[in-house]
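With mmCIF, C-alpha atoms inside, this is input11.cif:
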data_target
#
loop_
_atom_site.label_atom_id
_atom_site.label_comp_id
_atom_site.auth_asym_id
_atom_site.auth_seq_id
_atom_site.Cartn_x
_atom_site.Cartn_y
_atom_site.Cartn_z
CA TRP C 45 71.21 -18.03 -153.14
CA ARG C 46 69.36 -21.31 -153.33
CA ARG C 47 69.80 -24.31 -151.12
CA ALA C 48 68.54 -27.58 -152.61
CA LEU C 49 66.52 -29.81 -150.32
CA PRO C 50 66.09 -33.56 -150.95
CA ARG C 51 63.80 -35.14 -153.47
CA ALA C 52 60.71 -36.97 -152.17
CA LEU C 53 59.65 -40.35 -153.58
CA ALA C 54 56.25 -42.02 -153.23
CA CYS C 55 56.33 -45.26 -151.29
CA GLY C 56 52.95 -46.92 -150.79
CA ALA C 57 50.75 -44.71 -148.65
CA VAL C 58 53.71 -42.66 -147.42
CA LEU C 59 55.82 -40.15 -149.32
CA ALA C 60 59.43 -40.76 -148.25
CA LEU C 61 62.14 -38.11 -148.33
CA SER C 62 65.79 -39.04 -148.76
CA ALA C 63 68.52 -37.52 -146.59
CA PRO C 64 70.48 -34.46 -147.75
CA ALA C 65 74.21 -34.23 -148.22
CA ALA C 66 76.55 -33.24 -145.39
CA THR C 67 75.74 -29.78 -144.07
CA HIS C 68 77.80 -26.65 -143.65
CA THR C 69 76.88 -23.09 -142.82
CA GLN C 70 75.76 -20.83 -145.67
CA GLY C 71 76.07 -17.08 -145.08
CA LEU C 72 73.75 -14.39 -146.44
CA VAL C 73 75.22 -10.90 -146.17
CA GLY C 74 72.81 -7.96 -146.18
CA GLN C 75 69.80 -10.22 -146.80
CA ASP C 76 66.70 -10.83 -144.75
CA THR C 77 65.14 -13.44 -147.04
CA ALA C 78 66.50 -16.77 -148.30
CA GLU C 79 64.93 -18.35 -151.36
CA LEU C 80 64.65 -22.15 -151.07
CA ARG C 81 63.90 -24.69 -153.76
CA TRP C 82 63.66 -28.47 -153.64
CA ALA C 83 62.92 -31.23 -156.12
CA PRO C 84 59.16 -31.94 -156.33
CA SER C 85 57.76 -34.97 -154.56
CA SER C 86 56.31 -37.66 -156.76
CA GLY C 87 52.60 -38.45 -156.49
CA GLY C 88 49.69 -36.11 -155.95
CA VAL C 89 51.02 -33.43 -153.61
CA SER C 90 48.43 -31.03 -152.18
CA ALA C 91 50.90 -28.96 -150.18
CA TYR C 92 54.40 -28.77 -148.77
CA VAL C 93 54.80 -27.66 -145.17
CA VAL C 94 58.03 -25.79 -144.40
CA PHE C 95 59.37 -26.15 -140.84
CA VAL C 96 61.99 -23.67 -139.60
CA SER C 97 64.34 -23.86 -136.60
CA ARG C 98 65.70 -20.48 -135.50
CA ASP C 99 68.97 -20.24 -133.56
CA GLY C 100 68.78 -23.88 -132.53
CA GLY C 101 65.18 -23.71 -131.33
CA PRO C 102 62.43 -26.23 -132.12
CA TYR C 103 61.13 -26.65 -135.65
CA ARG C 104 57.86 -24.79 -136.17
CA SER C 105 55.60 -24.80 -139.20
CA GLU C 106 55.93 -21.42 -140.90
CA GLN C 107 54.87 -21.85 -144.51
CA TYR C 108 52.49 -23.90 -146.63
CA THR C 109 52.94 -23.95 -150.36
CA PRO C 110 51.65 -26.00 -153.31
CA LEU C 111 54.95 -25.42 -155.13
CA PRO C 112 58.43 -26.81 -154.29
CA ARG C 113 59.86 -23.46 -153.28
CA ALA C 114 59.59 -20.95 -150.46
CA ARG C 115 61.09 -17.72 -149.15
CA VAL C 116 62.14 -17.80 -145.51
CA ALA C 117 62.83 -14.56 -143.66
CA GLY C 118 65.50 -13.97 -141.04
CA SER C 119 67.07 -11.22 -138.93
CA PRO C 120 70.73 -10.12 -138.87
CA GLY C 121 72.74 -12.56 -136.78
CA GLU C 122 70.06 -15.25 -136.89
CA THR C 123 70.79 -18.81 -138.05
CA ILE C 124 68.02 -21.02 -139.39
CA ARG C 125 67.64 -24.58 -140.59
CA VAL C 126 64.76 -25.85 -142.70
CA ARG C 127 62.87 -29.13 -143.09
CA VAL C 128 60.07 -29.92 -145.54
CA ARG C 129 57.20 -32.39 -145.46
CA ALA C 130 54.79 -33.22 -148.30
CA TYR C 131 51.06 -33.90 -147.95
CA GLY C 132 48.66 -35.40 -150.45
CA VAL C 133 45.35 -37.23 -150.65
CA GLU C 134 44.55 -40.54 -152.37
CA ASP C 135 41.29 -42.52 -152.18
CA GLY C 136 40.16 -40.39 -149.25
CA ARG C 137 43.38 -40.97 -147.28
CA THR C 138 45.95 -38.34 -146.39
CA LEU C 139 49.46 -39.26 -147.55
CA THR C 140 52.19 -37.81 -145.39
CA SER C 141 55.90 -37.89 -146.10
CA GLU C 142 58.60 -38.12 -143.52
CA ALA C 143 60.17 -34.74 -142.84
CA SER C 144 63.38 -34.14 -144.76
CA ALA C 145 66.65 -34.06 -142.90
CA PRO C 146 67.61 -30.50 -141.89
CA SER C 147 69.04 -28.20 -144.52
CA ASP C 148 72.47 -26.66 -144.16
CA PRO C 149 72.50 -23.89 -141.51
CA ILE C 150 71.67 -20.52 -143.05
CA ARG C 151 73.10 -17.48 -141.26
CA PHE C 152 71.84 -13.96 -141.92
CA ALA C 153 74.66 -11.43 -141.56
CA ALA C 154 74.40 -7.65 -141.46
CA ALA C 155 75.32 -5.82 -144.66
CA ARG C 156 78.83 -4.43 -144.97
CA THR C 157 79.16 -0.68 -145.34
CA GLY C 158 78.41 0.38 -148.89
CA SER C 159 77.23 -3.08 -149.97
CA ALA C 160 73.86 -3.64 -151.56
CA PRO C 161 71.77 -6.78 -151.46
CA PRO C 162 71.66 -8.82 -154.67
CA ALA C 163 68.50 -8.36 -156.70
CA SER C 164 67.94 -12.14 -156.74
CA LEU C 165 66.99 -12.12 -153.03
CA PRO C 166 63.95 -9.88 -152.45
CA ALA C 167 63.55 -8.44 -148.98
CA LYS C 168 60.54 -9.57 -146.98
CA ALA C 169 57.56 -7.28 -146.71
CA ALA C 170 56.73 -5.68 -143.39
CA PRO C 171 54.05 -7.56 -141.43
CA SER C 172 50.57 -6.39 -142.32
CA LEU C 173 49.29 -6.63 -138.75
CA GLN C 174 51.14 -5.10 -135.82
CA PRO C 175 50.30 -4.98 -132.11
CA LEU C 176 49.96 -1.41 -130.89
CA ALA C 177 53.19 0.20 -129.73
CA GLN C 178 51.69 3.34 -128.21
CA PRO C 179 48.41 3.96 -126.36
CA THR C 180 45.60 5.69 -128.18
CA SER C 181 45.05 9.30 -127.17
CA ALA C 182 43.08 9.57 -123.95
CA ALA C 183 40.97 12.25 -125.61
CA GLU C 184 39.38 9.53 -127.72
CA GLY C 185 38.19 7.71 -124.60
CA VAL C 186 39.67 4.45 -125.83
CA THR C 187 41.86 2.09 -123.84
CA SER C 188 44.97 0.73 -125.53
CA ALA C 189 45.47 -3.02 -125.13
CA ALA C 190 49.05 -3.24 -126.34
CA GLN C 191 50.08 -5.20 -123.27
CA ASP C 192 47.22 -7.67 -123.77
CA VAL C 193 47.88 -8.62 -127.40
CA GLN C 194 50.47 -11.06 -128.67
CA GLN C 195 51.14 -12.12 -132.24
CA ILE C 196 52.02 -15.79 -132.47
CA PRO C 197 55.62 -16.06 -133.78
CA GLY C 198 55.84 -17.84 -137.11
CA PHE C 199 52.08 -17.91 -137.64
CA GLN C 200 52.18 -17.01 -141.30
CA PHE C 201 51.23 -18.58 -144.61
CA LEU C 202 53.45 -18.09 -147.66
CA PRO C 203 52.01 -18.12 -150.25
CA PRO C 204 48.88 -17.07 -148.42
CA LEU C 205 46.44 -19.76 -147.42
CA ARG C 206 42.86 -18.65 -147.05
CA VAL C 207 41.40 -19.58 -143.67
CA GLU C 208 37.83 -20.51 -144.54
CA THR C 209 36.63 -21.42 -141.05
CA SER C 210 37.93 -22.62 -137.71
CA GLY C 211 36.77 -24.81 -134.84
CA ASP C 212 37.65 -27.81 -132.71
CA LEU C 213 37.27 -30.38 -135.47
CA ASP C 214 38.77 -33.36 -133.59
CA GLY C 215 37.41 -32.73 -130.09
CA ASP C 216 40.80 -32.31 -128.38
CA GLY C 217 40.08 -28.83 -127.06
CA ASP C 218 42.44 -27.07 -129.51
CA LEU C 219 41.42 -24.86 -132.39
CA ASP C 220 41.79 -26.30 -135.89
CA LEU C 221 41.69 -24.50 -139.24
CA LEU C 222 40.07 -25.34 -142.55
CA VAL C 223 42.10 -23.62 -145.27
CA THR C 224 42.35 -23.56 -149.04
CA LEU C 225 45.27 -23.12 -151.40
CA GLY C 226 43.83 -20.73 -153.96
CA SER C 227 40.60 -22.66 -154.53
CA TRP C 228 38.38 -25.38 -153.09
CA ARG C 229 40.30 -27.92 -155.18
CA HIS C 230 42.94 -27.99 -152.43
CA PRO C 231 41.29 -27.84 -148.98
CA LEU C 232 43.45 -28.68 -145.97
CA ALA C 233 42.64 -29.23 -142.32
CA LEU C 234 45.35 -27.86 -140.03
CA PHE C 235 45.09 -29.46 -136.59
CA LEU C 236 46.76 -27.17 -134.06
CA GLU C 237 48.08 -27.65 -130.56
CA ASP C 238 48.60 -24.47 -128.54
CA GLY C 239 48.76 -22.45 -131.77
CA SER C 240 51.39 -24.63 -133.48
CA LEU C 241 50.76 -27.09 -136.29
CA GLU C 242 50.40 -30.63 -134.96
CA HIS C 243 48.89 -32.47 -137.95
CA VAL C 244 47.77 -31.75 -141.53
CA ALA C 245 45.05 -33.59 -143.44
CA ALA C 246 44.34 -33.08 -147.13
CA LEU C 247 40.61 -33.14 -147.89
CA PRO C 248 38.99 -34.23 -151.16
CA ALA C 249 38.31 -31.40 -153.60
CA GLN C 250 35.14 -29.46 -152.81
CA ASN C 251 34.42 -28.06 -156.25
CA GLY C 252 31.32 -25.87 -156.26
CA THR C 253 31.72 -24.84 -152.63
CA THR C 254 31.45 -21.11 -151.99
CA SER C 255 31.95 -20.96 -148.21
CA ALA C 256 32.20 -23.12 -145.10
CA LEU C 257 31.22 -23.00 -141.43
CA ALA C 258 32.34 -25.02 -138.41
CA ALA C 259 29.96 -25.62 -135.49
CA ASP C 260 28.64 -28.41 -133.26
CA PHE C 261 25.51 -29.26 -135.23
CA ASP C 262 24.75 -32.53 -133.40
CA GLY C 263 25.64 -31.64 -129.79
CA ASP C 264 28.44 -34.21 -129.42
CA GLY C 265 31.07 -31.69 -128.33
CA THR C 266 33.02 -31.82 -131.60
CA GLU C 267 32.45 -29.31 -134.35
CA GLU C 268 31.32 -30.41 -137.80
CA LEU C 269 31.73 -28.72 -141.17
CA ALA C 270 29.01 -27.15 -143.31
CA PHE C 271 29.93 -26.58 -146.96
CA GLN C 272 27.73 -24.12 -148.83
CA SER C 273 27.26 -24.38 -152.60
CA THR C 274 24.86 -22.61 -154.92
CA HIS C 275 21.67 -24.37 -153.85
CA GLU C 276 22.43 -26.34 -150.67
CA VAL C 277 24.43 -26.77 -147.51
CA ALA C 278 26.12 -30.13 -146.91
CA LEU C 279 27.09 -31.14 -143.37
CA PHE C 280 30.06 -33.47 -142.77
CA ARG C 281 32.01 -34.93 -139.89
CA LEU C 282 35.78 -34.73 -140.45
CA ASP C 283 38.37 -37.14 -139.06
CA ARG C 284 42.10 -36.53 -138.69
CA ASN C 285 42.84 -38.48 -141.88
CA GLY C 286 40.85 -36.03 -143.98
CA ARG C 287 37.86 -38.31 -144.48
CA LEU C 288 34.48 -36.58 -144.66
CA SER C 289 31.42 -38.50 -143.40
CA PRO C 290 28.16 -37.01 -144.74
CA LEU C 291 25.50 -36.09 -142.18
CA ARG C 292 22.76 -34.29 -144.10
CA ARG C 293 22.04 -31.83 -146.88
CA VAL C 294 19.76 -28.81 -146.62
CA PRO C 295 18.49 -26.75 -149.59
CA VAL C 296 19.12 -23.00 -149.43
CA ALA C 297 18.30 -20.11 -151.71
CA THR C 298 20.84 -19.01 -154.30
CA GLY C 299 23.20 -16.45 -152.77
CA ALA C 300 21.97 -17.06 -149.22
CA ARG C 301 24.07 -15.75 -146.34
CA LEU C 302 24.62 -18.23 -143.51
CA LEU C 303 25.84 -18.24 -139.94
CA ALA C 304 25.85 -20.89 -137.22
CA ALA C 305 24.21 -20.11 -133.87
CA ASP C 306 22.80 -21.80 -130.77
CA LEU C 307 19.77 -19.58 -130.27
CA ASP C 308 18.11 -21.70 -127.54
CA GLY C 309 21.25 -22.60 -125.56
CA ASP C 310 20.83 -26.38 -125.83
CA GLY C 311 24.44 -26.95 -126.99
CA THR C 312 23.46 -27.72 -130.59
CA ALA C 313 24.03 -25.17 -133.35
CA THR C 314 21.56 -24.41 -136.10
CA LEU C 315 21.88 -22.39 -139.29
CA VAL C 316 20.49 -18.87 -139.59
CA THR C 317 20.10 -17.99 -143.26
CA TYR C 318 19.27 -14.75 -145.03
CA GLU C 319 17.64 -15.04 -148.45
CA PRO C 320 18.58 -11.92 -150.45
CA LYS C 321 15.75 -12.20 -152.99
CA SER C 322 12.93 -12.40 -150.44
CA GLY C 323 14.76 -10.66 -147.59
CA ARG C 324 13.65 -13.38 -145.18
CA LEU C 325 15.75 -14.38 -142.19
CA VAL C 326 14.99 -17.94 -141.04
CA GLU C 327 16.50 -20.67 -138.87
CA LEU C 328 17.30 -24.09 -140.37
CA LEU C 329 18.09 -27.49 -138.76
CA ALA C 330 15.96 -26.74 -135.68
CA ALA C 331 12.86 -28.77 -134.81
CA LYS C 332 10.85 -25.54 -134.80
CA GLY C 333 13.03 -23.12 -136.73
CA ALA C 334 12.43 -19.45 -136.08
CA ASP C 335 11.17 -17.18 -138.84
CA PHE C 336 12.34 -13.62 -138.20
CA GLY C 337 10.44 -12.13 -141.12
CA SER C 338 11.77 -9.90 -143.88
CA ILE C 339 14.73 -7.55 -143.50
CA ARG C 340 15.80 -5.18 -146.26
CA PRO C 341 18.52 -4.18 -146.67
CA LEU C 342 20.92 -6.27 -144.56
CA HIS C 343 24.55 -5.21 -144.27
CA ALA C 344 25.91 -7.39 -141.45
CA LEU C 345 24.65 -10.40 -139.51
CA LEU C 346 26.59 -11.92 -136.60
CA ALA C 347 25.85 -14.28 -133.72
CA GLY C 348 27.12 -14.06 -130.14
CA ASP C 349 25.98 -14.36 -126.54
CA PHE C 350 25.91 -10.65 -125.71
CA ASP C 351 24.08 -10.96 -122.36
CA GLY C 352 25.83 -14.08 -121.00
CA ASP C 353 22.69 -16.21 -120.62
CA GLY C 354 24.09 -19.17 -122.60
CA ARG C 355 22.05 -18.42 -125.72
CA ASP C 356 23.40 -16.85 -128.88
CA ASP C 357 21.90 -13.52 -129.86
CA LEU C 358 21.99 -11.78 -133.24
CA TRP C 359 23.84 -8.63 -134.32
CA VAL C 360 21.74 -7.16 -137.15
CA GLN C 361 22.99 -4.17 -139.15
CA ALA C 362 20.84 -2.85 -141.97
CA ARG C 363 23.36 -0.42 -143.47
CA PRO C 364 27.07 0.42 -143.15
CA GLY C 365 27.71 2.81 -140.30
CA PRO C 366 27.92 2.95 -136.50
CA GLU C 367 24.34 1.85 -135.72
CA ALA C 368 23.09 -1.71 -135.31
CA GLU C 369 20.48 -3.76 -133.49
CA ILE C 370 21.12 -6.59 -131.04
CA TRP C 371 18.35 -9.18 -130.93
CA LEU C 372 18.48 -10.79 -127.47
CA MET C 373 16.94 -14.27 -127.57
CA ASP C 374 14.57 -15.31 -124.76
CA GLY C 375 14.84 -19.09 -125.29
CA ALA C 376 11.16 -19.44 -126.18
CA GLY C 377 11.35 -18.37 -129.81
CA GLY C 378 11.09 -14.65 -129.09
CA PHE C 379 13.61 -11.86 -128.74
CA ARG C 380 14.07 -8.32 -127.46
CA VAL C 381 15.59 -5.63 -129.68
CA SER C 382 18.21 -3.22 -128.36
CA THR C 383 19.74 -0.46 -130.49
CA VAL C 384 23.51 0.04 -130.32
CA LYS C 385 25.50 3.02 -131.56
CA LEU C 386 29.29 2.66 -131.86
CA SER C 387 31.87 5.43 -131.98
CA ARG C 388 33.04 4.35 -135.42
CA ALA C 389 31.69 2.66 -138.56
CA PRO C 390 33.58 -0.67 -138.65
CA THR C 391 33.80 -3.05 -141.57
CA ALA C 392 35.19 -6.58 -141.03
CA ALA C 393 33.84 -7.82 -137.70
CA ALA C 394 33.40 -10.84 -135.43
CA THR C 395 31.97 -11.51 -132.01
CA ALA C 396 34.28 -12.71 -129.21
CA ASP C 397 34.57 -12.41 -125.44
CA VAL C 398 37.42 -9.89 -125.54
CA ASP C 399 37.46 -8.96 -121.84
CA GLY C 400 36.67 -12.41 -120.40
CA ASP C 401 33.47 -11.41 -118.57
CA GLY C 402 31.39 -14.24 -120.06
CA ARG C 403 29.60 -11.96 -122.53
CA ASP C 404 30.50 -11.62 -126.19
CA ASP C 405 31.82 -8.32 -127.49
CA LEU C 406 32.38 -6.92 -130.98
CA ALA C 407 35.86 -6.92 -132.54
CA ALA C 408 35.95 -4.99 -135.81
CA TYR C 409 38.25 -3.11 -138.16
CA ASP C 410 37.88 0.66 -138.35
CA PRO C 411 39.22 1.78 -141.76
CA THR C 412 39.25 5.46 -140.73
CA SER C 413 41.89 4.94 -138.04
CA ASP C 414 43.31 1.76 -139.64
CA GLU C 415 42.87 -0.08 -136.35
CA LEU C 416 41.25 -3.23 -135.07
CA ARG C 417 38.99 -2.18 -132.21
CA ALA C 418 36.84 -3.95 -129.64
CA TRP C 419 33.57 -2.69 -128.15
CA MET C 420 32.78 -4.36 -124.81
CA LEU C 421 29.08 -5.10 -124.56
CA ASP C 422 26.55 -5.97 -121.88
CA GLY C 423 23.41 -6.97 -123.68
CA GLY C 424 22.54 -3.91 -125.72
CA ARG C 425 24.88 -1.50 -123.89
CA VAL C 426 28.40 -0.48 -124.89
CA LEU C 427 30.51 -0.54 -121.71
CA SER C 428 33.89 0.50 -123.08
CA GLU C 429 36.10 0.52 -126.15
CA ARG C 430 39.59 -0.81 -126.75
CA THR C 431 42.11 -0.66 -129.56
CA LEU C 432 43.73 -4.04 -130.25
CA ALA C 433 46.01 -3.80 -133.29
CA ARG C 434 46.82 -1.82 -136.39
CA GLY C 435 45.46 -2.84 -139.77
CA PRO C 436 44.67 -3.26 -142.49
CA VAL C 437 42.25 -6.12 -141.76
CA GLU C 438 40.05 -7.85 -144.31
CA SER C 439 38.39 -10.46 -142.09
CA VAL C 440 38.15 -11.36 -138.39
CA GLN C 441 37.34 -14.75 -136.85
CA ARG C 442 37.14 -15.88 -133.25
CA GLY C 443 38.95 -18.93 -131.91
CA ASP C 444 40.95 -20.17 -128.94
CA MET C 445 44.43 -20.24 -130.49
CA ASP C 446 46.44 -21.04 -127.35
CA GLY C 447 44.14 -23.58 -125.70
CA ASP C 448 43.46 -21.56 -122.54
CA GLY C 449 39.68 -21.75 -122.97
CA LEU C 450 39.39 -18.05 -123.82
CA ASP C 451 38.65 -16.38 -127.16
CA ASP C 452 41.45 -15.11 -129.37
CA LEU C 453 41.24 -13.53 -132.83
CA LEU C 454 42.36 -14.85 -136.20
CA LEU C 455 42.86 -12.02 -138.72
CA ARG C 456 43.44 -11.86 -142.45
CA ALA C 457 44.96 -8.84 -144.19
CA PRO C 458 44.05 -7.80 -147.77
CA ASP C 459 47.27 -9.41 -149.06
CA GLY C 460 46.19 -12.74 -147.55
CA THR C 461 48.55 -12.62 -144.56
CA ALA C 462 47.08 -14.43 -141.56
CA SER C 463 47.81 -13.41 -137.99
CA ALA C 464 46.60 -14.61 -134.60
CA LEU C 465 46.08 -12.20 -131.73
CA ILE C 466 46.24 -13.82 -128.30
CA LEU C 467 44.02 -11.89 -125.89
CA ASN C 468 45.37 -12.11 -122.34
CA ARG C 469 42.83 -11.07 -119.70
#
In structure tokens, write the structure found in this file.
Amino acid sequence: WRRALPRALACGAVLALSAPAATHTQGLVGQDTAELRWAPSSGGVSAYVVFVSRDGGPYRSEQYTPLPRARVAGSPGETIRVRVRAYGVEDGRTLTSEASAPSDPIRFAAARTGSAPPASLPAKAAPSLQPLAQPTSAAEGVTSAAQDVQQIPGFQFLPPLRVETSGDLDGDGDLDLLVTLGSWRHPLALFLEDGSLEHVAALPAQNGTTSALAADFDGDGTEELAFQSTHEVALFRLDRNGRLSPLRRVPVATGARLLAADLDGDGTATLVTYEPKSGRLVELLAAKGADFGSIRPLHALLAGDFDGDGRDDLWVQARPGPEAEIWLMDGAGGFRVSTVKLSRAPTAAATADVDGDGRDDLAAYDPTSDELRAWMLDGGRVLSERTLARGPVESVQRGDMDGDGLDDLLLRAPDGTASALILNR
């Protein structure tokens, strides 16, 4: 089954969508996925955003696609309607179409006895990330946090967008996302409000970029973007129209690993870079950047305020496994080393204040149990352990998804599926 949505036509700086024909309810029997197609918009389209209303509720952004088609999932008895909006970029400006008029209502009906779904409508895959349904065995000494984790409804990207970095890019107190559609030729800024899409800006192509970071590099309260390429890092300020204003460029070694951190607690982030050829770990952008010497090998490097003193510390892990070092910064260019031993050997990891005590903890994926776990820390001590969600998990990022001022987690599964875990304290 395919329901045609209206064709979009370019009109000056705005892509206009014409209204659809009169609507009537379309029924899908024994299906949980509807395949939608619409005529392509004219002009340079970077992405289409698909908005879905479920059972008469508000329209929420559910999918982002560079192609004029999408698959929308539903449950038996549910009725949905769909609207589409096109986004593009021209001469540094973001072109935004009007949203299309709603599609015909689409009702998902339970299969009749003995009937089989048509092959033309593939069933949706099960979500890759699930909140825990049952507590972990008490024998493991781990607390289950099933009641404290919520997956944001509709927070999914189909086809998968890659979330490159996140931060408050417009200074409104809400988390925003920098994403790509398959490559750095199609970067998008998704400005969120309480976890729902509020605005999209298409950025100019960033060919040659290998990674990106978001942090407040100038201390103005709004986070800027750092794009890493082969030999340098370029810092930009982003506005809501997708325009990038250059701030500075810093040379880095080929293949350098970067993270943003505020090691002295002055409210301004710097760059900590690891040079794989020399093994040196140094601080850039600071008036007197720290030189931490040579470290070989280096498996993981993270930043977080583990002792709650307002200064970021460093999580340094030489090899895969349960052991790591926490370097606690003293604010005067020195640090104290504390050795940490976890109960598991996690892979993908991020720092975040999971329990809301003002100190950062470690949230990481344990491939042995196929679970996302959190280790609550106090400086160099592990206070407790908690299981947050089932995997698999490929990457973890911190961010305040619901605007309550507390850390949440943004996860990506190996198939590219993105999921947000709201941590309620």
Which residues of region 60-123 of chain C sit at most 10 Å from region 234-242 of chain C, using all atoms listed in the file? Give each one's shortest atom pair and distance in Å (one decimal place), in chain and ascending residue order, as JSON lines.
{"residue": "C:Val93", "atom": "CA", "partner": "C:Leu241", "partner_atom": "CA", "distance": 9.8}
{"residue": "C:Phe95", "atom": "CA", "partner": "C:Leu241", "partner_atom": "CA", "distance": 9.8}
{"residue": "C:Arg104", "atom": "CA", "partner": "C:Ser240", "partner_atom": "CA", "distance": 7.0}
{"residue": "C:Ser105", "atom": "CA", "partner": "C:Leu241", "partner_atom": "CA", "distance": 6.1}
{"residue": "C:Glu106", "atom": "CA", "partner": "C:Leu241", "partner_atom": "CA", "distance": 9.0}
At most 12 Å is the cut-off: for each residue in region 335-419 of chain C with any atom that close to an atom of region 435-450 of chain C, write down the nearest atom pair and the distance in Å rounded to one decimal, counting all atoms listed in the file, chain first then increasing number, as CSV.
residue,atom,partner,partner_atom,distance
C:Leu346,CA,C:Gln441,CA,11.1
C:Ala347,CA,C:Arg442,CA,11.4
C:Gly348,CA,C:Arg442,CA,10.6
C:Pro390,CA,C:Val437,CA,10.7
C:Thr391,CA,C:Glu438,CA,8.3
C:Ala392,CA,C:Ser439,CA,5.1
C:Ala393,CA,C:Val440,CA,5.6
C:Ala394,CA,C:Val440,CA,5.6
C:Thr395,CA,C:Arg442,CA,6.9
C:Ala396,CA,C:Arg442,CA,5.9
C:Asp397,CA,C:Leu450,CA,7.6
C:Val398,CA,C:Leu450,CA,8.6
C:Asp399,CA,C:Leu450,CA,9.5
C:Gly400,CA,C:Leu450,CA,7.1
C:Asp401,CA,C:Leu450,CA,10.3
C:Gly402,CA,C:Leu450,CA,9.6
C:Arg403,CA,C:Leu450,CA,11.6
C:Asp404,CA,C:Arg442,CA,10.6
C:Asp405,CA,C:Arg442,CA,10.9
C:Leu406,CA,C:Val440,CA,10.4
C:Ala407,CA,C:Val440,CA,7.7
C:Ala408,CA,C:Val440,CA,7.2
C:Tyr409,CA,C:Val437,CA,6.2
C:Asp410,CA,C:Gly435,CA,8.5
C:Pro411,CA,C:Pro436,CA,7.5
C:Thr412,CA,C:Gly435,CA,10.4
C:Ser413,CA,C:Gly435,CA,8.7
C:Asp414,CA,C:Gly435,CA,5.1
C:Glu415,CA,C:Gly435,CA,5.1
C:Leu416,CA,C:Gly435,CA,6.3
C:Arg417,CA,C:Gly435,CA,10.0
C:Ala418,CA,C:Val440,CA,11.5
Inset, instruction - Could you check which of C:Val207, C:Leu345, C:Leu80, C:Ile339 is closest to Leu222 (chain C), using all atoms listed in the file? - result: C:Val207
Inset, instruction - One decimal, Å: what's the distance from CA of Ser382 (chain C) over to CA of Leu315 (chain C), could you say? - result: 22.4 Å
Legend entry - Shell around Thr123 (chain C) at 12 Å using all atoms listed in the file, local window under 6 positions removed, as an NGL selection string: :C and (68-72 or 76-78 or 96-101 or 116-117 or 147-153)
Only C-alpha atoms, please: the residues just picked out, written as an mmCIF file, keeping the file's coordinate frame.
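Once everything was written out, this is part-v9.cif:
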data_model
loop_
_atom_site.group_PDB
_atom_site.id
_atom_site.type_symbol
_atom_site.label_atom_id
_atom_site.label_comp_id
_atom_site.auth_asym_id
_atom_site.auth_seq_id
_atom_site.Cartn_x
_atom_site.Cartn_y
_atom_site.Cartn_z
ATOM 1 C CA HIS C 68 77.800 -26.650 -143.650
ATOM 2 C CA THR C 69 76.880 -23.090 -142.820
ATOM 3 C CA GLN C 70 75.760 -20.830 -145.670
ATOM 4 C CA GLY C 71 76.070 -17.080 -145.080
ATOM 5 C CA LEU C 72 73.750 -14.390 -146.440
ATOM 6 C CA ASP C 76 66.700 -10.830 -144.750
ATOM 7 C CA THR C 77 65.140 -13.440 -147.040
ATOM 8 C CA ALA C 78 66.500 -16.770 -148.300
ATOM 9 C CA VAL C 96 61.990 -23.670 -139.600
ATOM 10 C CA SER C 97 64.340 -23.860 -136.600
ATOM 11 C CA ARG C 98 65.700 -20.480 -135.500
ATOM 12 C CA ASP C 99 68.970 -20.240 -133.560
ATOM 13 C CA GLY C 100 68.780 -23.880 -132.530
ATOM 14 C CA GLY C 101 65.180 -23.710 -131.330
ATOM 15 C CA VAL C 116 62.140 -17.800 -145.510
ATOM 16 C CA ALA C 117 62.830 -14.560 -143.660
ATOM 17 C CA SER C 147 69.040 -28.200 -144.520
ATOM 18 C CA ASP C 148 72.470 -26.660 -144.160
ATOM 19 C CA PRO C 149 72.500 -23.890 -141.510
ATOM 20 C CA ILE C 150 71.670 -20.520 -143.050
ATOM 21 C CA ARG C 151 73.100 -17.480 -141.260
ATOM 22 C CA PHE C 152 71.840 -13.960 -141.920
ATOM 23 C CA ALA C 153 74.660 -11.430 -141.560
#
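Shortest separation to His243 (chain C) among C:Thr312, C:Gln361, C:Asn285, C:Ser428 occurs at residue C:Asn285, atoms counted being only C-alpha atoms.
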Inset, instruction - List, as a ChimeraX atom specification, every residue that the PyMOL selection byres ((chain C and resi 215-217) around 8) selects in the file provided. - result: /C:212-214,218-219,265-267,447
Inset, instruction - Carefully work through the PyMOL selection byres ((chain C and resi 282) around 10) for this structure and note down the residues it includes, as an MDAnalysis selection string. - result: chainID C and resid 213:214 233 245 247 266:269 279:281 283:290
Legend entry - Selection dump of the PyMOL selection byres ((chain C and resi 299) around 9), as a ChimeraX atom specification: /C:273-275,296-298,300-301,318-321
Output file for the selection above: C-alpha atoms, as a PDB file, keeping the file's coordinate frame:
ATOM      1  CA  SER C 273      27.260 -24.380-152.600  1.00  0.00           C
ATOM      2  CA  THR C 274      24.860 -22.610-154.920  1.00  0.00           C
ATOM      3  CA  HIS C 275      21.670 -24.370-153.850  1.00  0.00           C
ATOM      4  CA  VAL C 296      19.120 -23.000-149.430  1.00  0.00           C
ATOM      5  CA  ALA C 297      18.300 -20.110-151.710  1.00  0.00           C
ATOM      6  CA  THR C 298      20.840 -19.010-154.300  1.00  0.00           C
ATOM      7  CA  ALA C 300      21.970 -17.060-149.220  1.00  0.00           C
ATOM      8  CA  ARG C 301      24.070 -15.750-146.340  1.00  0.00           C
ATOM      9  CA  TYR C 318      19.270 -14.750-145.030  1.00  0.00           C
ATOM     10  CA  GLU C 319      17.640 -15.040-148.450  1.00  0.00           C
ATOM     11  CA  PRO C 320      18.580 -11.920-150.450  1.00  0.00           C
ATOM     12  CA  LYS C 321      15.750 -12.200-152.990  1.00  0.00           C
TER      13      LYS C 321
END
